[in-house]
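Q: The structure is given below, and queries will be raised subsequently.
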Amino acid sequence: MTRHLITTATLLLSTLSLADEYQPDIDNGAFLHAEHCSECHSVPNHEALYTRENRIVQERIRLNGQVSACAQAFSLGWFPDEEQDVSAYLNETYYRFPK
């Protein structure tokens with residue numbers, strides 16, 4: 001029993017460390033944004049949506065949450081790494097929050 005618990009704990013910890021090492025794919029984020037987000041955020045200059053003074057998102061963690069909330073609300077079926085890709089794309093392109 002103890003051996004089983006140690007093995008399970010080791011696997012869990014190694015999985016968590018792999019999740020921390022994920023490097024977002026900006027190109028995939030741009031693709032996903034163009035395919036799924038631009039339709040709803042269709043304004044003549046969608047940059048204005050992300051850079052306006054009264055925007056909701058004021059920090060990186062809120063950006064991550066907003067991307068996740070949109071993906072859930074529209075049942076996009078994105079994996080967490082795809083959400084991270086879109087968030088990273090938006091941050092690099094518009095928001096420029098520190099990491």
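Each chain of the structure tokens is named A, B, ... in the order shown, its residues numbered from 1; ligands are numbered from 1 in display order.
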Can you tell me which residues surround A:Leu76 at a distance of at most 12 Å, considering only C-alpha atoms, apart from same-chain residues fewer than 3 positions away, and format the answer as a VMD selection string?

A: chain A and resid 32 to 33 35 to 37 67 to 73 79 to 80 82 to 83

Q: So which residues touch A:Ile26 within 8 Å, counting only C-alpha atoms, skipping near sequence neighbours fewer than 6 positions away, as a list of chain:residue names?

A: A:Asp85, A:Val86, A:Ala88, A:Tyr89

Q: What does the structure give for the distance between atom CA of A:Ile61 and atom CA of A:Ala30, in Å to one decimal?

A: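 These atoms are spaced 19.0 Å apart.
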
Q: Interatomic distance between atom CA of A:Tyr50 and atom CA of A:Leu90?

A: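 Rounded to one decimal, the two atoms are 8.3 Å apart.
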
Q: Identify which of the residues A:Phe74, A:Asn91, A:Tyr22, A:Asp27 lies closest to A:Glu59, counting only C-alpha atoms when measuring atom-to-atom distances.

A: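 Closest to A:Glu59, using only C-alpha atoms: A:Asn91.
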
Q: Using only C-alpha atoms, which protein or nucleic acid residues come within 12 Å of A:Ile56? Drop anything in the same chain fewer than 5 positions from it, and give the result as an NGL selection string.

A: :A and (49-51 or 61-63 or 65-66 or 95)

Q: What's the separation between atom CA of A:Arg55 and atom CA of A:Gln23, in Å to one decimal place?

A: 26.5 Å
